[in-house]
Amino acid sequence: MRLKWIMIIALLCIGIVVRAQEATPGPNGLGDSFYPGLGNGGYDAQHYTLVLAWDDETNTLAGTATLEALTTQALTTFNLDFLGFEIEAITLNGQEANWRRVGRELTVKPTTPLSADETFTVAVTYSGVPGEGVISDGPSFAQGWMRHPNGVFVASEPAGASRWFPANDHPLDKATYTFVITVPERYIVAANGLLQSTTANDDGTQTFIWEAGDPMASYLATVNIGDFVVQESEGPDGLPIRNYFPTRLAEQMIQAFATVPDMISFFSEIFGPYPFEAYGAVVADANLSFALETQTISLFGRGVAVGRTGAETVIAHELAHQWFGNSVSLAQWKDIWLNEGFATYASMLWVEHRQGRRAMEGELNAYYDLISDPTFTAGEFSPPGSPSADALFNGGVYLRGAWTLHALRLEVGDE
C-alpha cells in the first residue's frame, strides 16, 4: 500500500513538471502574411476597458487600459502590441508584473506560468502624447489617435490601435469594449456602441462612458472629441441612430445623412439584418482624405457634406462595411478586397436602388475607364486579390473588386 501511494505521488509530481514544461512564450504575431508582427498568439481577448483622460492644451493622453482575456495555451509570457507612451505600471491579475518592450512588442511575464483555458486580466497604466517618438515598424495608413485644430478623431486601419492603447492588434481577435473618456467640459465624446452616462467633474472636465457590446476588431475602435451637435433618430426595428456633427456645420450634415435609415433598410433586405446594436456617423471638423467604417459609428471628415460630390455613395460605402469588414472580418490583410470591393459594390447597389440600373452602370463604367487607363501603373489597380503590402488600399481592391462582383452577378443572377 505504501509503495502504491509513493508511485501515485511520483506520477502527480511528474505531471506537474510536464505541465510546467508545456508552458511556452505566446507567439508575437498571428501569422498575417503581409504583417507578421501584428497581433499576438496564445490568448483570446475578451474585453477592453479604456479609462483615459485627454488634455487639450498638451495633447497628452493618460490612463489605464485593462484587457480581460482567456489563454489558448499554457503561457510563460504573452505579448501586447503597443507603440509610444511612457509605461508607468503593468499588473497581471492585480499583481505587479515583469515586462519589457521592443518596438511594438510589449512582453508581459507572469510570476508563474498561466495555464491553458485560464482567464487573466492585464492592466497597463501609461501617459504621453500619441505618436510622439514613434518609429513605425509596420503599416501606418491610419495613425490611430489624431489631434486636429477642433478636437480629436481616431482612425486605425490597419494597425493604428496599438498607437493609442495596448491591444491584440489584428482582426482575428475581436473583443467587446468599455470607454471611460475624460475631457475638458467644452467637448463631447463619441465612441463605439452606446453612451451609458455623462458626468460633470469638479475640476472642469466631463467623463463619458460608452459600451460596445458587440465583438469588434481593434482597428475599428474609435474615440472622437469635439464641439458636436447630437442628432438622434431610429432606423429599422427601432435601431438607435446617433450622429455627431460639428455644431457649425450641423444643418448641412443633417441633410447629407438624411437617407441613412433608408440605406439601412435596403441593405438589411439584401444582406440580412443590420448586425450591431446601433449606427450613426461622427464627422470630424477637419479635412480628411478618407472615411472609415469604425464600428457602429462611421467616421467622416467635414468634406462629406461641404462642397463634396458623391457624398451619398461614400456614406453608403461606410454603412455597407458594417456587414462586410466589421461583422464578417478578414483573416489576412491581403484579402482586403473582401472589405472594400463588397462595400464599393454595395454603394453601387444603392445607386441602382435610388436612381435605376442605368445610373449604376454609368458609375461602374466610369470605374472601368479608370482601371483600363494605360497611364496607371499595375500597382495602382492591381487584381483585387493581389494587392501589395505597401499599397494595401490601391484602386484595384475597390474598383476591380466591385467589377468582380458585378461580373459574378451578371453570371449567376440576382437570386
# chains A, B, ... in the order shown; residues from 1 in each chain; ligands from 1
>>> select_by_dssp(residues="range 73-275 of chain A", states="alpha helix (DSSP H)", output="PyMOL selection string")
chain A and resi 250-256+260-271
>>> residues_around(residues="Ala45 in chain A", least_positions_apart="5", cutoff="12 Å", atoms="only C-alpha atoms", output="ChimeraX atom specification")
/A:39-40,66-72,78-80,118-122,166-177,215-218
>>> closest_residue(among="A:Val351, A:Ala320, A:Leu399, A:Leu299", to="Ser372 in chain A", atoms="only C-alpha atoms")
A:Leu399
>>> select_by_dssp(residues="range 239-340 of chain A", states="strand (DSSP E)", output="PyMOL selection string")
chain A and resi 240-246+281-284+298-301
>>> write_last_selection(atoms="N, CA and C atoms", output="short mmCIF file (atom, residue, chain, number, x, y, z; two decimals), in the first residue's frame")
data_model
loop_
_atom_site.label_atom_id
_atom_site.label_comp_id
_atom_site.auth_asym_id
_atom_site.auth_seq_id
_atom_site.Cartn_x
_atom_site.Cartn_y
_atom_site.Cartn_z
N PRO A 240 -31.23 52.24 -32.73
CA PRO A 240 -30.78 53.59 -32.38
C PRO A 240 -29.79 54.13 -33.41
N ILE A 241 -30.05 55.33 -33.90
CA ILE A 241 -29.12 56.03 -34.78
C ILE A 241 -28.74 57.33 -34.07
N ARG A 242 -27.42 57.51 -33.86
CA ARG A 242 -26.96 58.74 -33.22
C ARG A 242 -25.80 59.30 -34.03
N ASN A 243 -25.98 60.53 -34.46
CA ASN A 243 -25.00 61.22 -35.28
C ASN A 243 -24.37 62.35 -34.49
N TYR A 244 -23.06 62.52 -34.68
CA TYR A 244 -22.31 63.57 -34.02
C TYR A 244 -21.72 64.48 -35.09
N PHE A 245 -22.30 65.69 -35.19
CA PHE A 245 -21.93 66.62 -36.24
C PHE A 245 -21.31 67.89 -35.63
N PRO A 246 -20.29 68.48 -36.29
CA PRO A 246 -19.75 69.76 -35.81
C PRO A 246 -20.87 70.80 -35.72
N ALA A 281 -23.09 58.31 -37.49
CA ALA A 281 -21.89 58.90 -38.08
C ALA A 281 -21.30 59.89 -37.10
N VAL A 282 -19.98 60.04 -37.15
CA VAL A 282 -19.31 61.14 -36.48
C VAL A 282 -18.48 61.86 -37.52
N VAL A 283 -18.62 63.18 -37.56
CA VAL A 283 -17.92 64.00 -38.55
C VAL A 283 -16.90 64.87 -37.82
N ALA A 284 -15.63 64.62 -38.12
CA ALA A 284 -14.57 65.46 -37.57
C ALA A 284 -14.55 66.80 -38.29
N SER A 298 -19.57 55.38 -38.06
CA SER A 298 -18.58 55.62 -39.11
C SER A 298 -18.03 57.05 -39.04
N LEU A 299 -16.73 57.15 -39.34
CA LEU A 299 -16.01 58.42 -39.26
C LEU A 299 -15.91 59.07 -40.64
N PHE A 300 -16.21 60.37 -40.68
CA PHE A 300 -16.09 61.17 -41.90
C PHE A 300 -15.41 62.49 -41.57
N GLY A 301 -14.81 63.12 -42.59
CA GLY A 301 -14.36 64.49 -42.48
C GLY A 301 -15.45 65.43 -42.94
#
>>> residues_around(residues="range 336-341 of chain A", least_positions_apart="4", cutoff="8 Å", atoms="only C-alpha atoms", output="count of residues only")
18
>>> residues_around(residues="Thr111 in chain A", least_positions_apart="3", cutoff="9 Å", atoms="only C-alpha atoms", output="JSON, numbers by chain")
{"A": [76, 97, 98, 114]}
>>> closest_residue(among="A:Glu361, A:Glu269, A:Glu22, A:Glu132", to="Trp403 in chain A", atoms="only C-alpha atoms")
A:Glu361
>>> residues_around(residues="Ala389 in chain A", least_positions_apart="3", cutoff="10 Å", atoms="only C-alpha atoms", output="PyMOL selection string")
chain A and resi 33-35+138-139+333-334+386+392-393
>>> write_last_selection(atoms="C-alpha atoms", output="PDB file, in the first residue's frame")
ATOM      1  CA  SER A  33       1.247  37.045 -44.498  1.00  0.00           C
ATOM      2  CA  PHE A  34       1.624  40.819 -45.049  1.00  0.00           C
ATOM      3  CA  TYR A  35       2.202  42.000 -41.486  1.00  0.00           C
ATOM      4  CA  GLY A 138       4.620  48.192 -39.705  1.00  0.00           C
ATOM      5  CA  PRO A 139       1.763  49.535 -41.829  1.00  0.00           C
ATOM      6  CA  TRP A 333      -4.920  41.717 -44.557  1.00  0.00           C
ATOM      7  CA  LYS A 334      -4.057  40.603 -48.093  1.00  0.00           C
ATOM      8  CA  SER A 386      -3.317  40.566 -55.111  1.00  0.00           C
ATOM      9  CA  LEU A 392      -2.910  47.769 -49.471  1.00  0.00           C
ATOM     10  CA  PHE A 393      -5.644  50.270 -50.345  1.00  0.00           C
TER      11      PHE A 393
END
>>> residues_around(residues="range 205-210 of chain A", least_positions_apart="5", cutoff="10 Å", atoms="only C-alpha atoms", output="ChimeraX atom specification")
/A:50-55,177-200,223
>>> residues_around(residues="Phe82 in chain A", least_positions_apart="5", cutoff="10 Å", atoms="only C-alpha atoms", output="PDB file with N, CA, C and O atoms, in the first residue's frame")
ATOM      1  N   ARG A 101       9.712  45.924 -23.446  1.00  0.00           N
ATOM      2  CA  ARG A 101       9.140  46.320 -24.727  1.00  0.00           C
ATOM      3  C   ARG A 101      10.252  46.522 -25.753  1.00  0.00           C
ATOM      4  O   ARG A 101      11.230  47.211 -25.501  1.00  0.00           O
ATOM      5  N   VAL A 102      10.057  45.900 -26.925  1.00  0.00           N
ATOM      6  CA  VAL A 102      10.953  46.083 -28.061  1.00  0.00           C
ATOM      7  C   VAL A 102      10.081  46.429 -29.262  1.00  0.00           C
ATOM      8  O   VAL A 102       9.301  45.592 -29.732  1.00  0.00           O
ATOM      9  N   GLY A 103      10.202  47.656 -29.762  1.00  0.00           N
ATOM     10  CA  GLY A 103       9.335  48.080 -30.837  1.00  0.00           C
ATOM     11  C   GLY A 103       7.888  48.054 -30.400  1.00  0.00           C
ATOM     12  O   GLY A 103       7.534  48.591 -29.347  1.00  0.00           O
ATOM     13  N   ARG A 104       7.028  47.394 -31.177  1.00  0.00           N
ATOM     14  CA  ARG A 104       5.612  47.315 -30.833  1.00  0.00           C
ATOM     15  C   ARG A 104       5.324  46.176 -29.868  1.00  0.00           C
ATOM     16  O   ARG A 104       4.207  46.055 -29.367  1.00  0.00           O
ATOM     17  N   GLU A 105       6.312  45.302 -29.616  1.00  0.00           N
ATOM     18  CA  GLU A 105       6.050  44.100 -28.823  1.00  0.00           C
ATOM     19  C   GLU A 105       6.258  44.375 -27.337  1.00  0.00           C
ATOM     20  O   GLU A 105       7.388  44.536 -26.859  1.00  0.00           O
ATOM     21  N   LEU A 106       5.169  44.441 -26.592  1.00  0.00           N
ATOM     22  CA  LEU A 106       5.192  44.585 -25.149  1.00  0.00           C
ATOM     23  C   LEU A 106       4.994  43.192 -24.551  1.00  0.00           C
ATOM     24  O   LEU A 106       3.912  42.605 -24.664  1.00  0.00           O
ATOM     25  N   THR A 107       6.041  42.649 -23.935  1.00  0.00           N
ATOM     26  CA  THR A 107       6.023  41.282 -23.421  1.00  0.00           C
ATOM     27  C   THR A 107       5.814  41.302 -21.915  1.00  0.00           C
ATOM     28  O   THR A 107       6.551  41.975 -21.185  1.00  0.00           O
ATOM     29  N   GLY A 160      -3.294  51.039 -36.394  1.00  0.00           N
ATOM     30  CA  GLY A 160      -3.125  52.220 -35.569  1.00  0.00           C
ATOM     31  C   GLY A 160      -3.622  52.084 -34.149  1.00  0.00           C
ATOM     32  O   GLY A 160      -3.334  52.935 -33.308  1.00  0.00           O
ATOM     33  N   ALA A 161      -4.373  51.019 -33.838  1.00  0.00           N
ATOM     34  CA  ALA A 161      -4.880  50.871 -32.467  1.00  0.00           C
ATOM     35  C   ALA A 161      -3.737  50.822 -31.469  1.00  0.00           C
ATOM     36  O   ALA A 161      -3.813  51.412 -30.378  1.00  0.00           O
ATOM     37  N   SER A 162      -2.644  50.134 -31.824  1.00  0.00           N
ATOM     38  CA  SER A 162      -1.515  49.993 -30.912  1.00  0.00           C
ATOM     39  C   SER A 162      -0.783  51.305 -30.690  1.00  0.00           C
ATOM     40  O   SER A 162       0.126  51.378 -29.863  1.00  0.00           O
ATOM     41  N   ARG A 163      -1.171  52.355 -31.389  1.00  0.00           N
ATOM     42  CA  ARG A 163      -0.594  53.678 -31.185  1.00  0.00           C
ATOM     43  C   ARG A 163      -1.350  54.495 -30.140  1.00  0.00           C
ATOM     44  O   ARG A 163      -0.956  55.636 -29.850  1.00  0.00           O
ATOM     45  N   TRP A 164      -2.442  53.919 -29.583  1.00  0.00           N
ATOM     46  CA  TRP A 164      -3.112  54.659 -28.503  1.00  0.00           C
ATOM     47  C   TRP A 164      -3.575  53.781 -27.350  1.00  0.00           C
ATOM     48  O   TRP A 164      -3.864  54.303 -26.266  1.00  0.00           O
ATOM     49  N   PHE A 165      -3.591  52.456 -27.531  1.00  0.00           N
ATOM     50  CA  PHE A 165      -3.806  51.572 -26.373  1.00  0.00           C
ATOM     51  C   PHE A 165      -3.166  50.213 -26.652  1.00  0.00           C
ATOM     52  O   PHE A 165      -3.040  49.804 -27.816  1.00  0.00           O
ATOM     53  N   PRO A 166      -2.736  49.497 -25.614  1.00  0.00           N
ATOM     54  CA  PRO A 166      -2.146  48.167 -25.796  1.00  0.00           C
ATOM     55  C   PRO A 166      -3.220  47.177 -26.210  1.00  0.00           C
ATOM     56  O   PRO A 166      -4.261  47.069 -25.559  1.00  0.00           O
ATOM     57  N   ALA A 167      -2.964  46.436 -27.307  1.00  0.00           N
ATOM     58  CA  ALA A 167      -4.030  45.632 -27.901  1.00  0.00           C
ATOM     59  C   ALA A 167      -3.457  44.377 -28.546  1.00  0.00           C
ATOM     60  O   ALA A 167      -2.260  44.285 -28.823  1.00  0.00           O
ATOM     61  N   ASN A 168      -4.339  43.426 -28.780  1.00  0.00           N
ATOM     62  CA  ASN A 168      -4.024  42.335 -29.705  1.00  0.00           C
ATOM     63  C   ASN A 168      -4.507  42.831 -31.071  1.00  0.00           C
ATOM     64  O   ASN A 168      -5.663  42.644 -31.453  1.00  0.00           O
ATOM     65  N   ASP A 169      -3.598  43.482 -31.787  1.00  0.00           N
ATOM     66  CA  ASP A 169      -3.979  44.388 -32.870  1.00  0.00           C
ATOM     67  C   ASP A 169      -4.084  43.667 -34.212  1.00  0.00           C
ATOM     68  O   ASP A 169      -3.285  43.906 -35.129  1.00  0.00           O
TER      69      ASP A 169
END
>>> atom_distance(atom1="CA of Gly396 in chain A", atom2="CA of Ser156 in chain A")
21.3 Å
>>> atom_distance(atom1="CA of Ala155 in chain A", atom2="CA of Pro130 in chain A")
12.6 Å
>>> atom_distance(atom1="CA of Tyr367 in chain A", atom2="CA of Ala331 in chain A")
27.4 Å
>>> closest_residue(among="A:Ile371, A:Ile315, A:Ile254, A:Leu292", to="Asn394 in chain A", atoms="only C-alpha atoms")
A:Ile371
>>> decode(residues="range 256-269 of chain A", atoms="all heavy atoms", output="PDB file, in the first residue's frame")
ATOM      1  N   ALA A 256     -27.144  65.858 -45.357  1.00  0.00           N
ATOM      2  CA  ALA A 256     -26.284  64.900 -46.065  1.00  0.00           C
ATOM      3  C   ALA A 256     -26.549  63.467 -45.622  1.00  0.00           C
ATOM      4  O   ALA A 256     -26.447  62.529 -46.425  1.00  0.00           O
ATOM      5  CB  ALA A 256     -24.821  65.262 -45.852  1.00  0.00           C
ATOM      6  N   PHE A 257     -26.887  63.276 -44.344  1.00  0.00           N
ATOM      7  CA  PHE A 257     -27.061  61.924 -43.806  1.00  0.00           C
ATOM      8  C   PHE A 257     -28.530  61.531 -43.662  1.00  0.00           C
ATOM      9  O   PHE A 257     -28.838  60.510 -43.035  1.00  0.00           O
ATOM     10  CB  PHE A 257     -26.353  61.818 -42.450  1.00  0.00           C
ATOM     11  CG  PHE A 257     -24.855  61.762 -42.560  1.00  0.00           C
ATOM     12  CD1 PHE A 257     -24.108  62.920 -42.648  1.00  0.00           C
ATOM     13  CD2 PHE A 257     -24.195  60.546 -42.605  1.00  0.00           C
ATOM     14  CE1 PHE A 257     -22.721  62.886 -42.765  1.00  0.00           C
ATOM     15  CE2 PHE A 257     -22.815  60.486 -42.722  1.00  0.00           C
ATOM     16  CZ  PHE A 257     -22.070  61.659 -42.811  1.00  0.00           C
ATOM     17  N   ALA A 258     -29.428  62.286 -44.270  1.00  0.00           N
ATOM     18  CA  ALA A 258     -30.863  62.047 -44.088  1.00  0.00           C
ATOM     19  C   ALA A 258     -31.317  60.694 -44.615  1.00  0.00           C
ATOM     20  O   ALA A 258     -32.310  60.131 -44.133  1.00  0.00           O
ATOM     21  CB  ALA A 258     -31.663  63.170 -44.755  1.00  0.00           C
ATOM     22  N   THR A 259     -30.627  60.149 -45.612  1.00  0.00           N
ATOM     23  CA  THR A 259     -31.069  58.884 -46.210  1.00  0.00           C
ATOM     24  C   THR A 259     -30.530  57.644 -45.493  1.00  0.00           C
ATOM     25  O   THR A 259     -30.842  56.530 -45.909  1.00  0.00           O
ATOM     26  CB  THR A 259     -30.636  58.821 -47.683  1.00  0.00           C
ATOM     27  OG1 THR A 259     -29.212  58.962 -47.768  1.00  0.00           O
ATOM     28  CG2 THR A 259     -31.300  59.914 -48.505  1.00  0.00           C
ATOM     29  N   VAL A 260     -29.730  57.808 -44.446  1.00  0.00           N
ATOM     30  CA  VAL A 260     -29.118  56.645 -43.793  1.00  0.00           C
ATOM     31  C   VAL A 260     -30.146  55.625 -43.304  1.00  0.00           C
ATOM     32  O   VAL A 260     -29.965  54.409 -43.508  1.00  0.00           O
ATOM     33  CB  VAL A 260     -28.170  57.094 -42.663  1.00  0.00           C
ATOM     34  CG1 VAL A 260     -27.788  55.918 -41.756  1.00  0.00           C
ATOM     35  CG2 VAL A 260     -26.903  57.715 -43.255  1.00  0.00           C
ATOM     36  N   PRO A 261     -31.248  56.011 -42.649  1.00  0.00           N
ATOM     37  CA  PRO A 261     -32.224  54.984 -42.248  1.00  0.00           C
ATOM     38  C   PRO A 261     -32.744  54.173 -43.427  1.00  0.00           C
ATOM     39  O   PRO A 261     -32.933  52.951 -43.320  1.00  0.00           O
ATOM     40  CB  PRO A 261     -33.338  55.802 -41.583  1.00  0.00           C
ATOM     41  CG  PRO A 261     -32.649  57.030 -41.078  1.00  0.00           C
ATOM     42  CD  PRO A 261     -31.630  57.348 -42.117  1.00  0.00           C
ATOM     43  N   ASP A 262     -32.966  54.830 -44.576  1.00  0.00           N
ATOM     44  CA  ASP A 262     -33.409  54.103 -45.763  1.00  0.00           C
ATOM     45  C   ASP A 262     -32.310  53.166 -46.272  1.00  0.00           C
ATOM     46  O   ASP A 262     -32.605  52.062 -46.746  1.00  0.00           O
ATOM     47  CB  ASP A 262     -33.804  55.086 -46.871  1.00  0.00           C
ATOM     48  CG  ASP A 262     -35.051  55.877 -46.537  1.00  0.00           C
ATOM     49  OD1 ASP A 262     -35.853  55.397 -45.710  1.00  0.00           O
ATOM     50  OD2 ASP A 262     -35.211  56.988 -47.082  1.00  0.00           O
ATOM     51  N   MET A 263     -31.062  53.606 -46.186  1.00  0.00           N
ATOM     52  CA  MET A 263     -29.951  52.737 -46.584  1.00  0.00           C
ATOM     53  C   MET A 263     -29.905  51.481 -45.716  1.00  0.00           C
ATOM     54  O   MET A 263     -29.698  50.369 -46.213  1.00  0.00           O
ATOM     55  CB  MET A 263     -28.620  53.483 -46.450  1.00  0.00           C
ATOM     56  CG  MET A 263     -28.368  54.554 -47.462  1.00  0.00           C
ATOM     57  SD  MET A 263     -26.737  55.320 -47.152  1.00  0.00           S
ATOM     58  CE  MET A 263     -26.736  56.601 -48.405  1.00  0.00           C
ATOM     59  N   ILE A 264     -30.079  51.668 -44.418  1.00  0.00           N
ATOM     60  CA  ILE A 264     -30.053  50.513 -43.506  1.00  0.00           C
ATOM     61  C   ILE A 264     -31.172  49.536 -43.871  1.00  0.00           C
ATOM     62  O   ILE A 264     -30.954  48.316 -43.906  1.00  0.00           O
ATOM     63  CB  ILE A 264     -30.171  50.972 -42.041  1.00  0.00           C
ATOM     64  CG1 ILE A 264     -28.949  51.815 -41.641  1.00  0.00           C
ATOM     65  CG2 ILE A 264     -30.292  49.763 -41.107  1.00  0.00           C
ATOM     66  CD1 ILE A 264     -29.073  52.466 -40.275  1.00  0.00           C
ATOM     67  N   SER A 265     -32.347  50.060 -44.150  1.00  0.00           N
ATOM     68  CA  SER A 265     -33.459  49.181 -44.549  1.00  0.00           C
ATOM     69  C   SER A 265     -33.142  48.426 -45.822  1.00  0.00           C
ATOM     70  O   SER A 265     -33.372  47.206 -45.916  1.00  0.00           O
ATOM     71  CB  SER A 265     -34.728  50.021 -44.743  1.00  0.00           C
ATOM     72  OG  SER A 265     -35.156  50.594 -43.531  1.00  0.00           O
ATOM     73  N   PHE A 266     -32.591  49.118 -46.817  1.00  0.00           N
ATOM     74  CA  PHE A 266     -32.274  48.486 -48.094  1.00  0.00           C
ATOM     75  C   PHE A 266     -31.207  47.411 -47.931  1.00  0.00           C
ATOM     76  O   PHE A 266     -31.379  46.274 -48.402  1.00  0.00           O
ATOM     77  CB  PHE A 266     -31.814  49.556 -49.091  1.00  0.00           C
ATOM     78  CG  PHE A 266     -31.312  48.994 -50.391  1.00  0.00           C
ATOM     79  CD1 PHE A 266     -32.149  48.288 -51.240  1.00  0.00           C
ATOM     80  CD2 PHE A 266     -29.982  49.170 -50.761  1.00  0.00           C
ATOM     81  CE1 PHE A 266     -31.681  47.764 -52.444  1.00  0.00           C
ATOM     82  CE2 PHE A 266     -29.505  48.657 -51.959  1.00  0.00           C
ATOM     83  CZ  PHE A 266     -30.356  47.942 -52.804  1.00  0.00           C
ATOM     84  N   PHE A 267     -30.102  47.744 -47.264  1.00  0.00           N
ATOM     85  CA  PHE A 267     -29.033  46.758 -47.094  1.00  0.00           C
ATOM     86  C   PHE A 267     -29.499  45.580 -46.229  1.00  0.00           C
ATOM     87  O   PHE A 267     -29.063  44.441 -46.428  1.00  0.00           O
ATOM     88  CB  PHE A 267     -27.791  47.409 -46.493  1.00  0.00           C
ATOM     89  CG  PHE A 267     -27.040  48.310 -47.443  1.00  0.00           C
ATOM     90  CD1 PHE A 267     -26.289  49.371 -46.964  1.00  0.00           C
ATOM     91  CD2 PHE A 267     -27.083  48.109 -48.813  1.00  0.00           C
ATOM     92  CE1 PHE A 267     -25.595  50.203 -47.825  1.00  0.00           C
ATOM     93  CE2 PHE A 267     -26.400  48.938 -49.694  1.00  0.00           C
ATOM     94  CZ  PHE A 267     -25.647  49.988 -49.197  1.00  0.00           C
ATOM     95  N   SER A 268     -30.384  45.847 -45.271  1.00  0.00           N
ATOM     96  CA  SER A 268     -30.903  44.752 -44.445  1.00  0.00           C
ATOM     97  C   SER A 268     -31.725  43.774 -45.275  1.00  0.00           C
ATOM     98  O   SER A 268     -31.728  42.572 -45.010  1.00  0.00           O
ATOM     99  CB  SER A 268     -31.759  45.311 -43.302  1.00  0.00           C
ATOM    100  OG  SER A 268     -30.980  46.069 -42.405  1.00  0.00           O
ATOM    101  N   GLU A 269     -32.410  44.287 -46.282  1.00  0.00           N
ATOM    102  CA  GLU A 269     -33.200  43.427 -47.166  1.00  0.00           C
ATOM    103  C   GLU A 269     -32.308  42.530 -48.020  1.00  0.00           C
ATOM    104  O   GLU A 269     -32.632  41.354 -48.232  1.00  0.00           O
ATOM    105  CB  GLU A 269     -34.080  44.280 -48.076  1.00  0.00           C
ATOM    106  CG  GLU A 269     -35.226  44.970 -47.375  1.00  0.00           C
ATOM    107  CD  GLU A 269     -35.970  45.923 -48.298  1.00  0.00           C
ATOM    108  OE1 GLU A 269     -35.663  45.919 -49.524  1.00  0.00           O
ATOM    109  OE2 GLU A 269     -36.824  46.677 -47.811  1.00  0.00           O
TER     110      GLU A 269
END
